[in-house]
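Listing of run-v4.tsv; format and content: TSV, C-alpha atoms and all ligand atoms.
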```tsv
chain	number	residue	atom	x	y	z
A	6	MET	CA	-124.41	59.52	78.14
A	7	SER	CA	-123.58	59.96	74.49
A	8	THR	CA	-122.86	63.27	72.85
A	9	ASN	CA	-122.01	64.04	69.27
A	10	ALA	CA	-118.39	63.42	70.19
A	11	ALA	CA	-119.30	59.73	70.25
A	12	ASN	CA	-120.50	59.86	66.67
A	13	THR	CA	-119.01	56.74	65.12
A	14	SER	CA	-120.25	54.74	62.17
A	15	ALA	CA	-122.33	52.65	64.60
A	16	SER	CA	-123.90	55.58	66.42
A	17	ALA	CA	-127.60	56.32	66.27
A	18	ILE	CA	-126.77	59.71	64.77
A	19	ALA	CA	-124.84	58.10	61.93
A	20	LEU	CA	-127.61	55.57	61.40
A	21	TYR	CA	-130.68	57.77	61.58
A	22	ALA	CA	-129.99	61.53	61.37
A	23	ARG	CA	-131.11	62.97	58.05
A	24	GLU	CA	-132.34	66.42	57.13
A	25	THR	CA	-135.56	66.27	55.17
A	26	ALA	CA	-137.80	68.92	53.63
A	27	GLY	CA	-139.71	70.94	56.16
A	28	PHE	CA	-137.42	70.19	59.10
A	29	ASP	CA	-136.95	73.83	60.13
A	30	ALA	CA	-140.69	74.41	59.93
A	31	ARG	CA	-141.35	71.38	62.15
A	32	VAL	CA	-138.86	72.68	64.73
A	33	ALA	CA	-140.55	76.10	64.64
A	34	SER	CA	-143.98	74.50	65.05
A	35	ALA	CA	-142.82	72.39	67.98
A	36	LEU	CA	-141.39	75.47	69.67
A	37	ALA	CA	-144.57	77.44	69.01
A	38	LEU	CA	-146.63	74.67	70.60
A	39	LEU	CA	-144.44	74.66	73.70
A	40	GLN	CA	-144.78	78.44	73.92
A	41	ARG	CA	-148.54	78.08	73.60
A	42	ALA	CA	-148.50	75.55	76.45
A	43	THR	CA	-146.71	78.01	78.73
A	44	ALA	CA	-149.08	80.84	77.77
A	45	GLU	CA	-152.23	78.79	78.32
A	46	HIS	CA	-151.01	77.00	81.47
A	47	PRO	CA	-148.63	79.38	83.27
A	48	GLY	CA	-146.73	77.55	85.99
A	49	ARG	CA	-148.88	74.44	85.55
A	50	VAL	CA	-147.23	72.51	82.73
A	51	VAL	CA	-144.68	69.71	83.01
A	52	GLN	CA	-142.74	67.70	80.47
A	53	ALA	CA	-143.15	64.04	81.41
A	54	THR	CA	-139.88	62.79	79.99
A	55	SER	CA	-139.11	59.13	79.39
A	56	LEU	CA	-135.51	60.24	78.75
A	57	GLY	CA	-135.78	58.78	75.24
A	58	ALA	CA	-134.49	60.56	72.13
A	59	GLU	CA	-137.73	62.45	71.46
A	60	ASP	CA	-137.95	63.68	75.02
A	61	MET	CA	-134.35	64.83	74.98
A	62	VAL	CA	-135.19	66.97	71.94
A	63	ILE	CA	-138.10	68.53	73.84
A	64	THR	CA	-135.98	69.14	76.94
A	65	ASP	CA	-133.38	70.82	74.73
A	66	LEU	CA	-136.04	73.10	73.23
A	67	ILE	CA	-137.34	73.97	76.70
A	68	ALA	CA	-133.85	74.76	77.98
A	69	ARG	CA	-132.63	76.54	74.86
A	70	HIS	CA	-135.62	78.88	74.88
A	71	GLN	CA	-135.86	79.12	78.67
A	72	LEU	CA	-139.48	78.07	78.68
A	73	PRO	CA	-141.14	77.85	82.10
A	74	ILE	CA	-141.97	74.16	81.77
A	75	ALA	CA	-141.01	71.80	84.59
A	76	ILE	CA	-139.17	68.57	83.72
A	77	GLY	CA	-140.40	65.41	85.42
A	78	THR	CA	-139.51	61.75	84.98
A	79	LEU	CA	-140.59	58.39	86.35
A	80	GLU	CA	-137.79	56.43	88.00
A	81	THR	CA	-139.51	53.04	88.09
A	82	GLY	CA	-136.69	51.25	89.86
A	83	MET	CA	-136.31	49.05	86.79
A	84	LEU	CA	-134.52	51.42	84.42
A	85	HIS	CA	-131.16	50.73	82.80
A	86	ALA	CA	-128.23	52.49	84.49
A	87	GLU	CA	-127.68	54.42	81.26
A	88	THR	CA	-131.20	55.83	81.46
A	89	VAL	CA	-130.89	56.84	85.11
A	90	ALA	CA	-127.56	58.54	84.34
A	91	LEU	CA	-129.35	60.84	81.88
A	92	ILE	CA	-131.19	62.51	84.76
A	93	GLY	CA	-127.89	63.89	86.04
A	94	GLY	CA	-126.86	64.49	82.44
A	95	ILE	CA	-129.80	66.84	81.92
A	96	GLU	CA	-129.12	68.66	85.17
A	97	ASN	CA	-125.45	69.10	84.32
A	98	ARG	CA	-125.94	70.09	80.72
A	99	TYR	CA	-128.88	72.46	81.10
A	100	ALA	CA	-128.72	73.48	84.77
A	101	LEU	CA	-132.32	72.35	85.08
A	102	ALA	CA	-133.68	70.45	88.07
A	103	VAL	CA	-135.45	67.24	87.10
A	104	GLU	CA	-138.38	66.15	89.26
A	105	VAL	CA	-137.97	62.41	89.89
A	106	TYR	CA	-141.05	60.38	90.80
A	107	LYS	CA	-140.54	56.89	92.23
A	108	PRO	CA	-143.12	54.22	93.04
A	109	VAL	CA	-144.37	53.72	96.58
A	110	ASN	CA	-141.94	51.21	98.05
A	111	GLU	CA	-144.59	49.28	99.99
A	112	SER	CA	-146.63	48.79	96.81
A	113	VAL	CA	-143.62	47.45	94.92
A	114	VAL	CA	-142.63	45.10	97.73
A	115	HIS	CA	-146.19	43.78	98.02
A	116	PHE	CA	-146.54	43.31	94.26
A	117	VAL	CA	-143.24	41.45	93.92
A	118	LYS	CA	-143.89	39.33	97.00
A	119	THR	CA	-147.34	38.38	95.69
A	120	ASN	CA	-146.59	37.99	91.99
A	121	GLY	CA	-142.86	37.41	91.69
A	122	GLU	CA	-139.98	39.26	90.02
A	123	ARG	CA	-141.01	38.09	86.56
A	124	ALA	CA	-144.73	38.79	86.82
A	125	MET	CA	-144.69	41.10	83.78
A	126	TYR	CA	-143.99	38.11	81.51
A	127	GLU	CA	-146.82	36.00	82.88
A	128	SER	CA	-149.86	37.93	81.69
A	129	ILE	CA	-150.88	41.29	80.28
A	130	GLU	CA	-152.90	41.86	83.43
A	131	LEU	CA	-149.84	41.42	85.64
A	132	ARG	CA	-147.66	43.47	83.34
A	133	LYS	CA	-150.16	46.31	83.47
A	134	GLY	CA	-150.35	45.90	87.23
A	135	CYS	CA	-146.60	46.42	87.44
A	136	CYS	CA	-146.90	49.49	85.17
A	137	ALA	CA	-149.73	50.80	87.35
A	138	ILE	CA	-147.54	50.72	90.47
A	139	ARG	CA	-144.26	51.80	88.93
A	140	LYS	CA	-145.54	54.30	86.36
A	141	LEU	CA	-149.18	55.32	86.59
A	142	GLU	CA	-149.32	56.11	90.31
A	143	PRO	CA	-146.07	58.15	90.21
A	144	LEU	CA	-147.34	59.92	87.08
A	145	SER	CA	-150.52	60.87	88.91
A	146	ARG	CA	-148.33	62.61	91.51
A	147	MET	CA	-146.33	64.38	88.81
A	148	LEU	CA	-149.53	65.69	87.24
A	149	LYS	CA	-151.43	66.39	90.46
A	150	ASP	CA	-151.22	70.19	90.43
A	151	ARG	CA	-150.70	70.54	86.70
A	152	SER	CA	-153.25	71.40	84.05
A	153	ALA	CA	-151.08	70.37	81.10
A	154	TRP	CA	-148.23	68.04	80.22
A	155	VAL	CA	-145.86	67.58	77.32
A	156	THR	CA	-144.87	64.24	75.80
A	157	GLY	CA	-142.60	63.02	73.02
A	158	MET	CA	-145.23	60.93	71.27
A	159	ARG	CA	-144.97	60.72	67.48
A	160	ARG	CA	-147.43	59.31	64.97
A	161	GLU	CA	-144.71	57.26	63.33
A	162	GLN	CA	-143.86	55.33	66.52
A	163	SER	CA	-146.56	52.68	66.18
A	164	MET	CA	-149.98	51.90	64.77
A	165	ASN	CA	-151.44	52.76	68.18
A	166	ARG	CA	-150.00	56.26	67.90
A	167	GLY	CA	-150.87	56.93	64.27
A	168	ALA	CA	-153.54	59.49	65.17
A	169	VAL	CA	-151.63	61.44	67.84
A	170	GLU	CA	-152.73	65.09	67.83
A	171	PHE	CA	-150.53	68.09	68.63
A	172	SER	CA	-152.75	68.75	71.61
A	173	GLU	CA	-155.53	66.70	73.13
A	174	LEU	CA	-157.31	66.25	76.42
A	175	ASP	CA	-156.38	63.31	78.62
A	176	ASP	CA	-158.97	61.37	80.60
A	177	LYS	CA	-158.63	63.82	83.52
A	178	GLY	CA	-159.26	66.87	81.33
A	179	ARG	CA	-155.65	68.03	81.28
A	180	THR	CA	-154.20	69.20	78.01
A	181	LYS	CA	-151.52	66.93	76.63
A	182	PHE	CA	-149.17	68.60	74.17
A	183	ASN	CA	-147.31	66.40	71.68
A	184	PRO	CA	-144.99	68.84	69.88
A	185	LEU	CA	-143.20	66.13	67.88
A	186	ALA	CA	-146.39	64.44	66.66
A	187	ASP	CA	-145.44	64.91	62.98
A	188	TRP	CA	-141.68	64.39	63.34
A	189	SER	CA	-139.91	61.45	61.75
A	190	TRP	CA	-137.18	59.41	63.43
A	191	ALA	CA	-134.73	61.08	61.02
A	192	ASP	CA	-135.93	64.51	62.26
A	193	VAL	CA	-135.36	63.54	65.89
A	194	TRP	CA	-131.79	62.46	65.21
A	195	HIS	CA	-131.03	65.36	62.92
A	196	TYR	CA	-132.07	67.73	65.71
A	197	ILE	CA	-129.92	65.80	68.21
A	198	ALA	CA	-126.93	65.93	65.86
A	199	VAL	CA	-127.25	69.61	65.00
A	200	ASN	CA	-127.79	70.71	68.60
A	201	ASP	CA	-125.41	68.28	70.31
A	202	VAL	CA	-128.20	66.97	72.50
A	203	PRO	CA	-127.15	64.36	75.10
A	204	TYR	CA	-128.86	61.02	74.63
A	205	ASN	CA	-129.06	57.52	76.03
A	206	PRO	CA	-126.15	55.40	74.68
A	207	LEU	CA	-128.55	52.45	74.40
A	208	HIS	CA	-129.85	54.15	71.26
A	209	ASP	CA	-126.43	53.31	69.76
A	210	GLN	CA	-127.14	49.63	70.48
A	211	PHE	CA	-130.37	49.40	68.46
A	212	TYR	CA	-132.76	50.32	71.24
A	213	PRO	CA	-134.98	52.93	69.53
A	214	SER	CA	-137.60	52.89	72.28
A	215	ILE	CA	-136.30	52.50	75.83
A	216	GLY	CA	-138.39	51.64	78.85
A	217	CYS	CA	-137.72	49.46	81.89
A	218	ALA	CA	-134.87	46.97	81.51
A	219	PRO	CA	-136.99	43.77	81.78
A	220	CYS	CA	-139.42	45.06	79.16
A	221	THR	CA	-137.03	46.46	76.56
A	222	ARG	CA	-134.77	44.71	74.08
A	223	ALA	CA	-132.77	45.75	71.04
A	224	ILE	CA	-134.50	45.42	67.66
A	225	ALA	CA	-133.20	43.73	64.52
A	226	VAL	CA	-133.06	45.16	61.00
A	227	GLY	CA	-136.56	45.45	59.58
A	228	GLU	CA	-138.35	45.24	62.90
A	229	ASP	CA	-140.97	47.78	63.90
A	230	PHE	CA	-139.91	50.81	65.95
A	231	ARG	CA	-141.53	49.53	69.14
A	232	ALA	CA	-140.86	45.84	68.51
A	233	GLY	CA	-138.41	45.89	71.42
A	234	ARG	CA	-141.06	46.94	73.96
A	235	TRP	CA	-143.14	44.15	75.61
A	236	TRP	CA	-142.17	41.99	72.63
A	237	TRP	CA	-144.00	38.96	74.01
A	238	GLU	CA	-147.38	40.73	73.77
A	239	ASP	CA	-149.71	41.47	70.87
A	240	GLU	CA	-149.21	44.84	69.16
A	241	GLY	CA	-152.53	46.19	70.43
A	242	ALA	CA	-151.52	45.77	74.09
A	243	LYS	CA	-148.21	47.62	73.81
A	244	GLU	CA	-148.84	50.66	75.94
A	245	CYS	CA	-148.10	51.05	79.62
A	246	GLY	CA	-151.21	53.14	80.29
A	247	LEU	CA	-149.49	56.52	80.42
A	248	HIS	CA	-151.03	57.48	77.10
A	249	VAL	CA	-154.22	55.46	77.15
A	250	GLN	CA	-157.53	57.12	77.92
A	251	ASP	CA	-159.32	55.84	81.00
A	252	ALA	CA	-156.40	53.66	81.99
A	253	ALA	CA	-157.42	53.18	85.60
A	254	PRO	CA	-154.84	51.14	87.53
A	255	GLN	CA	-156.16	47.72	88.60
A	256	VAL	CA	-153.63	47.37	91.39
A	257	SER	CA	-155.75	45.72	94.05
A	258	MET	CA	-156.96	43.03	91.66
A	259	ILE	CA	-153.42	42.26	90.56
A	260	GLY	CA	-152.20	42.05	94.12
A	261	ALA	CA	-154.78	39.32	94.82
A	262	ARG	CA	-153.36	36.87	92.32
A	263	ALA	CA	-153.32	33.32	93.61
B	301	LIG	S1	-142.43	48.49	81.76
B	301	LIG	FE1	-142.14	46.44	82.70
B	301	LIG	S2	-140.87	46.70	84.55
B	301	LIG	FE2	-141.59	48.74	83.87
B	301	LIG	S3	-143.38	49.12	85.09
B	301	LIG	FE3	-144.13	48.21	83.16
B	301	LIG	S4	-144.15	45.96	83.50
B	301	LIG	FE4	-143.00	46.90	85.20
```
Could you take the file, read its structure, and then write that structure out as structure tokens?
Amino acid sequence: MSTNAANTSASAIALYARETAGFDARVASALALLQRATAEHPGRVVQATSLGAEDMVITDLIARHQLPIAIGTLETGMLHAETVALIGGIENRYALAVEVYKPVNESVVHFVKTNGERAMYESIELRKGCCAIRKLEPLSRMLKDRSAWVTGMRREQSMNRGAVEFSELDDKGRTKFNPLADWSWADVWHYIAVNDVPYNPLHDQFYPSIGCAPCTRAIAVGEDFRAGRWWWEDEGAKECGLHVQDAAPQVSMIGARA
């Protein structure tokens, strides 16, 4: 887990943090949106954190302002050790319990036995099947008794996310709050630097967007923000289904692969 103490010339903070006009107003707006979420959904709102930089900013805002928003994450069984370590890092730093949702073991075993360890590289269908078991089903448990959730989605992250709203309804009618929708990458890192927010050290190794280990790589200079996620697929397919409307898991079909 990195902190500002690890701020070297190669750190993500040194590379990306920059204060730009309107930063304080964007922080105030993000906080106001989180407060609105708690007022409109008392006891029924969760932050679904990927443990990425944006989500660490949101967790810091929740903790700093003692907002009654639960913190939940998906431990897919395929995360980097650095990412898993951040769960304990949050609990230590903020004295907040993190709800950890794991996939159903039998489903994982069946999928791997049927499709192999490297199924995600073989087709989009199989990759989405893996995401359905390891992410979508656990997410459905996280959201089961909730009427709202909070994400770290930003418009700047990709073309697919260019129209992200501050709040929207998901395909189950829950409200999804995206308090950093209008933040830049520089904003995210400026907030992390100023507030000494713990973050995943993989960000210091040119991983701007971090998911499961087999599906994440570092990016090179000039590459798109999410170029390191599912890099073997077309841009339009690069979502795991967590933020796609009507993304019904097709698990049974995937499991029947010849
Ligand atoms: S991101 Fe990759 S490893 Fe993780 S659930 Fe999706 S396909 Fe499986």
**Which residue of A:Gly77, A:Pro143, A:Pro219, A:Gly157 approaches ligand LIG 301 (chain B) most closely, using only C-alpha atoms and all ligand atoms** = A:Pro219
Mind listing the residues within 6 Å of ligand LIG 301 (chain B), all atoms listed in the file counted, as a short mmCIF file (atom, residue, chain, number, x, y, z; two decimals) with C-alpha atoms, in the frame of the given file?
```cif
data_model
loop_
_atom_site.label_atom_id
_atom_site.label_comp_id
_atom_site.auth_asym_id
_atom_site.auth_seq_id
_atom_site.Cartn_x
_atom_site.Cartn_y
_atom_site.Cartn_z
CA MET A 83 -136.31 49.05 86.79
CA MET A 125 -144.69 41.10 83.78
CA ARG A 132 -147.66 43.47 83.34
CA CYS A 135 -146.60 46.42 87.44
CA CYS A 136 -146.90 49.49 85.17
CA ARG A 139 -144.26 51.80 88.93
CA LYS A 140 -145.54 54.30 86.36
CA GLY A 216 -138.39 51.64 78.85
CA CYS A 217 -137.72 49.46 81.89
CA PRO A 219 -136.99 43.77 81.78
CA CYS A 220 -139.42 45.06 79.16
#
```
**Prompt:** Restricting the calculation to all atoms listed in the file, which member of A:Leu39, A:Glu161, A:Arg166, A:Val62 is positioned closest to Trp194 in chain A?
**Reply:** A:Val62
**Item:** Computed interatomic separation between CA of Asp201 in chain A and CA of Ala68 in chain A (Å)
**Value:**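 That distance, rounded to one decimal, is 13.1 Å.
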**Request:** Anything within 10 Å of (-142.3, 83.8, 81.6): list those residues as a PyMOL selection string, counting all atoms listed in the file and sticking to the file's coordinates.
**Result:** chain A and resi 40+43-44+47-48+71-74
**Message:** Counting all atoms listed in the file, which residues have an atom no more than 12 Å from (-137.1, 73.9, 77.3) in the file's coordinates? Please list them as a ChimeraX atom specification.
**Reply:** /A:35-40,42-43,50-52,54,60-76,95,99-103,155,184
Those residues you just picked out, can you put them in a file as a PDB file, in the coordinates of the input with C-alpha atoms?
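Full text of part-v3.pdb as output:
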```pdb
ATOM      1  CA  ALA A  35    -142.820  72.390  67.980  1.00  0.00           C
ATOM      2  CA  LEU A  36    -141.390  75.470  69.670  1.00  0.00           C
ATOM      3  CA  ALA A  37    -144.570  77.440  69.010  1.00  0.00           C
ATOM      4  CA  LEU A  38    -146.630  74.670  70.600  1.00  0.00           C
ATOM      5  CA  LEU A  39    -144.440  74.660  73.700  1.00  0.00           C
ATOM      6  CA  GLN A  40    -144.780  78.440  73.920  1.00  0.00           C
ATOM      7  CA  ALA A  42    -148.500  75.550  76.450  1.00  0.00           C
ATOM      8  CA  THR A  43    -146.710  78.010  78.730  1.00  0.00           C
ATOM      9  CA  VAL A  50    -147.230  72.510  82.730  1.00  0.00           C
ATOM     10  CA  VAL A  51    -144.680  69.710  83.010  1.00  0.00           C
ATOM     11  CA  GLN A  52    -142.740  67.700  80.470  1.00  0.00           C
ATOM     12  CA  THR A  54    -139.880  62.790  79.990  1.00  0.00           C
ATOM     13  CA  ASP A  60    -137.950  63.680  75.020  1.00  0.00           C
ATOM     14  CA  MET A  61    -134.350  64.830  74.980  1.00  0.00           C
ATOM     15  CA  VAL A  62    -135.190  66.970  71.940  1.00  0.00           C
ATOM     16  CA  ILE A  63    -138.100  68.530  73.840  1.00  0.00           C
ATOM     17  CA  THR A  64    -135.980  69.140  76.940  1.00  0.00           C
ATOM     18  CA  ASP A  65    -133.380  70.820  74.730  1.00  0.00           C
ATOM     19  CA  LEU A  66    -136.040  73.100  73.230  1.00  0.00           C
ATOM     20  CA  ILE A  67    -137.340  73.970  76.700  1.00  0.00           C
ATOM     21  CA  ALA A  68    -133.850  74.760  77.980  1.00  0.00           C
ATOM     22  CA  ARG A  69    -132.630  76.540  74.860  1.00  0.00           C
ATOM     23  CA  HIS A  70    -135.620  78.880  74.880  1.00  0.00           C
ATOM     24  CA  GLN A  71    -135.860  79.120  78.670  1.00  0.00           C
ATOM     25  CA  LEU A  72    -139.480  78.070  78.680  1.00  0.00           C
ATOM     26  CA  PRO A  73    -141.140  77.850  82.100  1.00  0.00           C
ATOM     27  CA  ILE A  74    -141.970  74.160  81.770  1.00  0.00           C
ATOM     28  CA  ALA A  75    -141.010  71.800  84.590  1.00  0.00           C
ATOM     29  CA  ILE A  76    -139.170  68.570  83.720  1.00  0.00           C
ATOM     30  CA  ILE A  95    -129.800  66.840  81.920  1.00  0.00           C
ATOM     31  CA  TYR A  99    -128.880  72.460  81.100  1.00  0.00           C
ATOM     32  CA  ALA A 100    -128.720  73.480  84.770  1.00  0.00           C
ATOM     33  CA  LEU A 101    -132.320  72.350  85.080  1.00  0.00           C
ATOM     34  CA  ALA A 102    -133.680  70.450  88.070  1.00  0.00           C
ATOM     35  CA  VAL A 103    -135.450  67.240  87.100  1.00  0.00           C
ATOM     36  CA  VAL A 155    -145.860  67.580  77.320  1.00  0.00           C
ATOM     37  CA  PRO A 184    -144.990  68.840  69.880  1.00  0.00           C
TER      38      PRO A 184
END
```
**Prompt:** Taking into account all atoms listed in the file, which residue in the set A:Asp239, A:Glu228, A:Asp209, A:Asp175 is nearest to Ala17 in chain A?
**Reply:**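 Checking each candidate against Ala17 in chain A, we get A:Asp209 as the closest.
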